[in-house]
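Visitor: Data file model.tsv (TSV, C-alpha atoms and all ligand atoms) is appended below.
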chain	number	residue	atom	x	y	z
A	13	CYS	CA	39.44	44.44	-29.21
A	14	SER	CA	39.96	41.34	-27.11
A	15	LYS	CA	37.37	39.40	-25.15
A	16	ALA	CA	35.14	41.36	-22.79
A	17	LEU	CA	35.32	40.98	-19.02
A	18	VAL	CA	32.73	41.49	-16.30
A	19	ALA	CA	33.90	42.81	-12.93
A	20	PRO	CA	31.09	42.83	-10.35
A	21	SER	CA	31.54	45.60	-7.80
A	22	LEU	CA	31.71	44.11	-4.31
A	23	LEU	CA	30.33	47.41	-2.98
A	24	SER	CA	26.86	45.99	-3.65
A	25	CYS	CA	27.45	42.59	-2.03
A	26	ASP	CA	26.83	41.58	1.57
A	27	PHE	CA	30.08	42.62	3.31
A	28	SER	CA	29.45	40.17	6.15
A	29	LYS	CA	29.91	37.37	3.60
A	30	LEU	CA	32.61	38.95	1.44
A	31	ALA	CA	34.53	35.76	0.58
A	32	ILE	CA	31.38	33.72	-0.04
A	33	GLU	CA	29.84	36.42	-2.23
A	34	SER	CA	33.12	36.81	-4.14
A	35	ASN	CA	33.52	33.13	-4.96
A	36	GLU	CA	29.85	32.68	-5.73
A	37	ILE	CA	29.90	35.46	-8.30
A	38	LEU	CA	33.06	34.05	-9.89
A	39	GLU	CA	31.30	30.68	-10.20
A	40	LYS	CA	28.43	32.48	-11.87
A	41	GLY	CA	30.75	33.73	-14.61
A	42	ALA	CA	32.36	36.92	-13.29
A	43	ASP	CA	35.91	37.49	-14.55
A	44	TRP	CA	37.23	39.94	-11.94
A	45	LEU	CA	36.24	41.26	-8.52
A	46	HIS	CA	35.98	45.07	-8.46
A	47	VAL	CA	36.97	46.52	-5.09
A	48	ASP	CA	35.83	50.12	-4.46
A	49	VAL	CA	38.17	51.91	-2.07
A	50	MET	CA	36.88	55.27	-0.80
A	51	ASP	CA	38.53	57.56	1.73
A	52	PHE	CA	35.85	60.15	2.65
A	53	HIS	CA	38.07	62.88	1.12
A	54	PHE	CA	38.26	62.22	-2.60
A	55	VAL	CA	34.63	61.05	-2.50
A	56	PRO	CA	31.95	61.59	0.19
A	57	ASN	CA	31.91	57.96	1.28
A	58	LEU	CA	34.13	55.55	3.22
A	59	THR	CA	34.41	51.89	2.28
A	60	ILE	CA	37.16	49.33	2.52
A	61	GLY	CA	40.92	49.49	2.69
A	62	PRO	CA	43.92	47.18	2.40
A	63	CYS	CA	43.14	45.20	5.58
A	64	VAL	CA	39.94	43.91	4.05
A	65	VAL	CA	41.68	43.07	0.78
A	66	LYS	CA	44.33	41.25	2.79
A	67	SER	CA	41.75	39.15	4.63
A	68	LEU	CA	39.89	38.35	1.43
A	69	ARG	CA	43.03	37.39	-0.53
A	70	PRO	CA	43.60	33.87	0.87
A	71	HIS	CA	39.94	32.98	0.32
A	72	THR	CA	39.66	33.65	-3.39
A	73	LYS	CA	41.65	33.17	-6.59
A	74	GLY	CA	39.70	36.04	-8.18
A	75	PHE	CA	41.57	38.94	-9.81
A	76	LEU	CA	41.24	41.86	-7.39
A	77	ASP	CA	40.60	44.98	-9.46
A	78	CYS	CA	41.11	47.77	-6.92
A	79	HIS	CA	39.55	51.13	-7.79
A	80	LEU	CA	41.10	53.73	-5.51
A	81	MET	CA	38.84	56.74	-5.03
A	82	VAL	CA	41.33	58.35	-2.67
A	83	GLU	CA	43.54	61.38	-2.25
A	84	ASN	CA	47.30	60.76	-2.30
A	85	PRO	CA	47.11	57.42	-4.13
A	86	GLU	CA	50.91	57.06	-3.83
A	87	LYS	CA	50.45	56.24	-0.14
A	88	TYR	CA	48.43	53.16	-1.07
A	89	VAL	CA	50.89	51.37	-3.37
A	90	THR	CA	52.73	49.31	-0.75
A	91	PRO	CA	49.66	48.55	1.41
A	92	PHE	CA	47.71	47.29	-1.63
A	93	ALA	CA	50.64	45.35	-3.08
A	94	ASP	CA	51.19	43.70	0.31
A	95	ALA	CA	47.48	42.94	0.61
A	96	GLY	CA	47.56	41.01	-2.68
A	97	ALA	CA	45.74	43.41	-5.03
A	98	ASP	CA	46.08	42.52	-8.73
A	99	LEU	CA	45.32	45.92	-10.25
A	100	PHE	CA	46.08	49.34	-8.82
A	101	ASN	CA	43.71	51.81	-10.43
A	102	PHE	CA	43.83	55.43	-9.27
A	103	HIS	CA	42.17	58.69	-10.28
A	104	LEU	CA	43.83	61.22	-12.54
A	105	GLU	CA	42.09	63.99	-10.55
A	106	ALA	CA	43.86	62.87	-7.36
A	107	CYS	CA	47.27	63.74	-8.84
A	108	PRO	CA	48.84	67.19	-9.13
A	109	SER	CA	50.53	66.77	-12.54
A	110	GLU	CA	51.23	64.51	-15.49
A	111	GLU	CA	54.75	63.96	-14.15
A	112	SER	CA	53.40	62.72	-10.82
A	113	ILE	CA	51.08	60.31	-12.64
A	114	LEU	CA	53.90	58.92	-14.78
A	115	ALA	CA	56.11	58.60	-11.71
A	116	LEU	CA	53.41	56.73	-9.82
A	117	ILE	CA	52.84	54.34	-12.73
A	118	SER	CA	56.55	53.52	-12.99
A	119	ARG	CA	56.78	53.07	-9.24
A	120	VAL	CA	53.93	50.54	-9.26
A	121	ARG	CA	55.65	48.67	-12.10
A	122	LYS	CA	59.07	48.75	-10.45
A	123	GLU	CA	58.07	47.90	-6.88
A	124	THR	CA	55.10	45.56	-7.37
A	125	THR	CA	53.57	42.99	-9.70
A	126	MET	CA	50.23	44.81	-9.85
A	127	LYS	CA	48.78	45.97	-13.14
A	128	VAL	CA	48.09	49.72	-13.33
A	129	GLY	CA	45.02	51.68	-14.36
A	130	ILE	CA	44.02	55.33	-14.52
A	131	THR	CA	40.47	56.60	-14.00
A	132	ILE	CA	38.68	59.75	-15.10
A	133	LYS	CA	35.57	61.23	-13.47
A	134	PRO	CA	32.62	62.45	-15.57
A	135	LYS	CA	33.81	66.07	-15.74
A	136	THR	CA	37.33	65.11	-16.90
A	137	PRO	CA	37.75	64.95	-20.68
A	138	ALA	CA	39.52	62.06	-22.42
A	139	SER	CA	42.16	64.57	-23.56
A	140	ALA	CA	43.32	64.93	-19.92
A	141	ILE	CA	44.96	61.52	-20.42
A	142	SER	CA	48.14	62.34	-22.32
A	143	ASP	CA	49.67	59.97	-24.85
A	144	SER	CA	52.46	59.13	-22.41
A	145	ILE	CA	49.96	58.17	-19.72
A	146	LEU	CA	47.85	56.23	-22.18
A	147	SER	CA	50.78	54.16	-23.37
A	148	ALA	CA	52.01	53.52	-19.82
A	149	VAL	CA	48.84	51.98	-18.34
A	150	ASP	CA	47.19	48.58	-18.68
A	151	MET	CA	43.69	49.99	-18.37
A	152	VAL	CA	41.68	53.20	-18.42
A	153	LEU	CA	38.43	53.51	-16.48
A	154	VAL	CA	35.87	55.97	-17.78
A	155	MET	CA	33.43	56.65	-14.92
A	156	THR	CA	29.81	56.60	-16.05
A	157	VAL	CA	28.53	58.08	-12.73
A	158	GLU	CA	30.06	60.50	-10.23
A	159	PRO	CA	32.17	58.23	-8.02
A	160	GLY	CA	31.08	57.66	-4.44
A	161	PHE	CA	28.02	55.44	-4.46
A	162	GLY	CA	26.52	52.40	-6.15
A	163	GLY	CA	23.07	52.37	-7.67
A	164	GLN	CA	23.22	55.65	-9.64
A	165	SER	CA	21.98	56.13	-13.21
A	166	PHE	CA	24.25	55.51	-16.16
A	167	MET	CA	25.60	58.64	-17.90
A	168	ARG	CA	25.36	57.80	-21.59
A	169	ASP	CA	27.12	61.04	-22.54
A	170	MET	CA	30.39	59.56	-21.22
A	171	LEU	CA	30.56	57.09	-24.11
A	172	PRO	CA	32.18	59.46	-26.65
A	173	LYS	CA	35.17	59.54	-24.26
A	174	VAL	CA	35.39	55.76	-24.49
A	175	ALA	CA	35.31	55.96	-28.28
A	176	LYS	CA	38.08	58.57	-28.37
A	177	LEU	CA	40.33	56.49	-26.11
A	178	ARG	CA	39.64	53.33	-28.09
A	179	LYS	CA	40.69	55.13	-31.26
A	180	ARG	CA	43.90	56.34	-29.66
A	181	ARG	CA	44.85	52.92	-28.26
A	182	PRO	CA	43.13	50.00	-29.94
A	183	ASP	CA	44.72	47.34	-27.70
A	184	LEU	CA	43.84	48.98	-24.37
A	185	MET	CA	41.55	47.59	-21.70
A	186	ILE	CA	38.82	50.20	-21.31
A	187	GLN	CA	36.58	49.83	-18.29
A	188	VAL	CA	33.24	51.51	-17.61
A	189	ASP	CA	31.90	51.83	-14.07
A	190	GLY	CA	28.58	53.17	-12.81
A	191	GLY	CA	25.06	52.21	-13.82
A	192	VAL	CA	26.28	49.44	-16.12
A	193	SER	CA	23.54	46.81	-16.59
A	194	PRO	CA	22.13	44.37	-19.15
A	195	GLU	CA	20.35	47.41	-20.63
A	196	THR	CA	23.34	49.77	-20.89
A	197	ALA	CA	26.19	47.31	-21.60
A	198	TYR	CA	25.56	47.14	-25.35
A	199	ALA	CA	26.16	50.90	-25.80
A	200	CYS	CA	29.35	50.62	-23.72
A	201	GLY	CA	30.70	47.85	-25.92
A	202	LYS	CA	29.74	49.66	-29.08
A	203	ALA	CA	31.71	52.71	-27.94
A	204	GLY	CA	34.75	50.49	-27.36
A	205	ALA	CA	34.64	49.43	-23.70
A	206	ASN	CA	35.69	45.85	-22.96
A	207	VAL	CA	35.59	45.66	-19.15
A	208	ALA	CA	32.23	46.20	-17.44
A	209	VAL	CA	31.96	46.94	-13.75
A	210	ALA	CA	28.47	46.34	-12.41
A	211	GLY	CA	27.39	46.52	-8.79
A	212	SER	CA	23.66	46.70	-8.25
A	213	ALA	CA	22.80	45.19	-11.65
A	214	VAL	CA	24.60	42.00	-10.57
A	215	PHE	CA	24.22	41.72	-6.81
A	216	LYS	CA	20.62	42.96	-6.62
A	217	ALA	CA	19.52	40.77	-9.54
A	218	LYS	CA	17.15	37.86	-8.88
A	219	ASP	CA	19.33	35.72	-11.12
A	220	ARG	CA	22.94	36.86	-10.72
A	221	LYS	CA	24.27	34.33	-13.23
A	222	LEU	CA	21.92	35.63	-15.88
A	223	ALA	CA	22.88	39.23	-15.07
A	224	VAL	CA	26.62	38.49	-15.46
A	225	GLU	CA	26.06	36.49	-18.65
A	226	THR	CA	23.80	39.13	-20.20
A	227	ILE	CA	26.17	42.00	-19.43
A	228	LYS	CA	29.06	40.03	-20.96
A	229	LYS	CA	27.01	39.12	-24.04
A	230	GLU	CA	25.80	42.69	-24.51
A	231	ILE	CA	29.17	44.40	-24.12
A	232	GLN	CA	30.72	42.16	-26.79
A	233	ARG	CA	27.68	42.00	-29.10
A	301	LIG	C1	31.04	54.13	-7.75
A	301	LIG	C2	31.86	52.87	-7.79
A	301	LIG	C3	31.21	51.80	-8.57
A	301	LIG	C4	29.87	51.34	-8.06
A	301	LIG	C5	29.10	50.77	-9.19
A	301	LIG	O1	31.76	55.12	-7.10
A	301	LIG	O2	33.11	53.13	-8.35
A	301	LIG	O3	32.09	50.70	-8.74
A	301	LIG	O4	29.93	50.42	-7.03
A	301	LIG	O5	27.83	50.44	-8.75
A	301	LIG	P1	26.59	50.38	-9.74
A	301	LIG	O6	26.90	49.35	-10.78
A	301	LIG	O7	25.47	50.01	-8.86
A	301	LIG	O8	26.45	51.74	-10.35
A	302	ZN	ZN	34.37	51.37	-8.95
Could you take the file, read its structure, and then write that structure out as structure tokens?
Ligand code: DX5
Ligand code: ZN
Guide:
Amino acid sequence: CSKALVAPSLLSCDFSKLAIESNEILEKGADWLHVDVMDFHFVPNLTIGPCVVKSLRPHTKGFLDCHLMVENPEKYVTPFADAGADLFNFHLEACPSEESILALISRVRKETTMKVGITIKPKTPASAISDSILSAVDMVLVMTVEPGFGGQSFMRDMLPKVAKLRKRRPDLMIQVDGGVSPETAYACGKAGANVAVAGSAVFKAKDRKLAVETIKKEIQR
């Protein structure tokens, strides 16, 4: 598959310096900025919403990869498009049916310029993503921790799902998120992932540039 990307999760940065941290990490080699949106309903945590994305937007050219861990993702399309998000990635588990997922994907495409992604939690099998969904999205995210918090341990047993999806759609962007680090990125890449989200492994590193570079090298090794 195509060149690998590293998307540091801003959840682990210093929120009081959001724009500075964002641009610094891009200078250090990050490809995207991963924005974790949590609503205290879909996951037991509350983070940032469209207002924060809107205030960050004029301060960075970075690609804003928005991961929506929320109920009723359809309510977020217009707010995130207006805020300047580049990718609208929502959870399969937050939707009642395949039809509703397909409808949401076409709505994002019709009404906005955002790319679209679909995410599955650890307990959701790769087969829950139908062929129609798989061919309609730009990216699939396979969670490698239970969503809700940064700093958890990587679930290696999620990688067979990545391999199955890669086989079904060789040209797809496949993202992994949760516990991804210089140590675990190689296995992710080997399974077929080409977009690595990493929060603590990047922002808590002594040398952030080295962390970004190593994760990128390992995932495409
Ligand atoms: C978890 C979030 C992740 C998280 C990753 O719910 O979706 O993006 O911030 O953090 P680390 O890399 O520390 O596991
Ligand atoms: Zn995330």
Visitor: Around ligand ZN 302 (chain A), which protein and nucleic acid residues have at least one atom no more than 12 Å from it, if we count all atoms listed in the file? List them as a count of residues only.
Guide: 55
Visitor: Have a look at CA of Asp26 in chain A and CA of Asp51 in chain A and let me know their distance in Å, one decimal.
Guide: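 We find that CA of Asp26 in chain A and CA of Asp51 in chain A lie 19.8 Å from each other.
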Visitor: Restricting the calculation to only C-alpha atoms, which member of A:Pro194, A:Pro137, A:Pro70, A:Pro56 is positioned closest to Asp169 in chain A?
Guide: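 The closest residue to Asp169 in chain A is A:Pro137.
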Visitor: Choose the residue, out of A:Phe54, A:Gly201, A:Asn206, A:Leu99, that has the smallest atom-to-atom separation from ligand LIG 301 (chain A); count all atoms listed in the file.
Guide: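 Checking each of A:Phe54, A:Gly201, A:Asn206, A:Leu99 against ligand LIG 301 (chain A), counting all atoms listed in the file, the winner is A:Phe54.
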Visitor: In Å, rounded to a single decimal, give me how far CA of Ala31 in chain A is from CA of Ile231 in chain A.
Guide: 26.7 Å
Visitor: Env of Lys40 in chain A: 9 Å cut, atoms = all atoms listed in the file, seq-sep filter 6 positions within chain, self excluded. Answer as a PyMOL selection string.
Guide: chain A and resi 220-222+224-225
Visitor: For Cys107 in chain A, please output as a ChimeraX atom specification all residues within 8 Å (counting all atoms listed in the file; exclusion window: fewer than 3 positions along the same chain).
Guide: /A:83-85,103-104,110,112-113
Visitor: Please indicate the distance in Å from CA of Val214 in chain A to CA of Asn57 in chain A, rounded to one decimal place.
Guide: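 Between these atoms lies a distance of 21.2 Å.
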Visitor: Need the shell around Leu177 in chain A: protein/DNA/RNA residues with any atom at most 12 Å away, counting all atoms listed in the file. Skip same-chain ones fewer than 4 positions apart. Format as JSON, numbers by chain?
Guide: {"A": [132, 137, 138, 139, 140, 141, 142, 143, 145, 146, 147, 151, 152, 153, 154, 170, 171, 172, 173, 181, 182, 183, 184, 185, 186, 187, 203, 204, 205]}
Visitor: Identify which of the residues A:Arg180, A:Lys216, A:Lys122, A:Arg168 lies closest to ligand LIG 301 (chain A), counting only C-alpha atoms and all ligand atoms when measuring atom-to-atom distances.
Guide: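 Answer, going by the shortest atom-to-atom distance: A:Lys216.
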Visitor: Counting only C-alpha atoms and all ligand atoms, which residue out of A:Ala217, A:Lys15, A:Thr136, A:Tyr198 sits closest to ligand LIG 301 (chain A)?
Guide: A:Ala217
Visitor: Would you please work out which residue, of A:Ala148, A:Met167, A:Lys176, A:Ile32, is nearest to ligand LIG 301 (chain A) when using only C-alpha atoms and all ligand atoms?
Guide: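 Under the stated criterion, the closest residue is A:Met167.
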Visitor: Leaving out Cys63 in chain A and any residue of its chain fewer than 2 positions from it, which residues lie within 10 Å of it when counting only C-alpha atoms, given as a PyMOL selection string?
Guide: chain A and resi 60-61+65-69+91-92+94-95
Visitor: When you count all atoms listed in the file, which of these residues is closest to Arg178 in chain A: A:Cys200, A:Ala93, A:Ile227, A:Ser165?
Guide: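 Closest to Arg178 in chain A, using all atoms listed in the file: A:Cys200.
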